[in-house]
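Participant: For reference, the structure I am asking about is given below.
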Amino acid sequence: MNGYANFMRLFILSALLGVFALAGNVAVDRGIAAYESGNFQEAIRQFSIAIRENPKNALSYIGRGIAYDDLGDTNKAIADFNQAKLDPNYANA
């Protein structure tokens, strides 16, 4: 990944985590903490719990997709990003 792409990824992730921090969902908070500590498997597990609690929350799909991508599971990441696009607030993502 080139420097610009890496910068953009970190910028988007930082903004996303800031939005998550305002969500007040325990599973999302745990997912963020796991992601920030580099425990991507646990982040996926926690974001999956958040999705079960609220399947319409696009941000949980985005968080899980980012964690999948960091583990190299591009297909699952794309599936989550596509699911997030079903939310009209993120349709152009």
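By convention in this document, the chains of the structure tokens carry letters A, B, ... by their order, each chain's residues are numbered from 1, and ligands are numbered from 1 in the order they are shown.
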Quick one: residues within 7 Å of segment 62-78 of chain A, only C-alpha atoms, excluding same-chain residues fewer than 3 positions away - as an MDAnalysis selection string?

Facilitator: chainID A and resid 40 43:44 47 58:59 81:82 84

Participant: Report the distance between atom CA of Val26 of chain A and atom CA of Pro55 of chain A in Å, rounded to one decimal place.

Facilitator: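 Atom-to-atom, atom CA of Val26 of chain A to atom CA of Pro55 of chain A, that is 15.2 Å.
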
Participant: Looking at only C-alpha atoms, which of A:Asn39, A:Asp80, A:Ala27, A:Ala33 is the one that sits closest to Arg52 of chain A?

Facilitator: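 Selected residue with least distance to Arg52 of chain A: A:Ala27.
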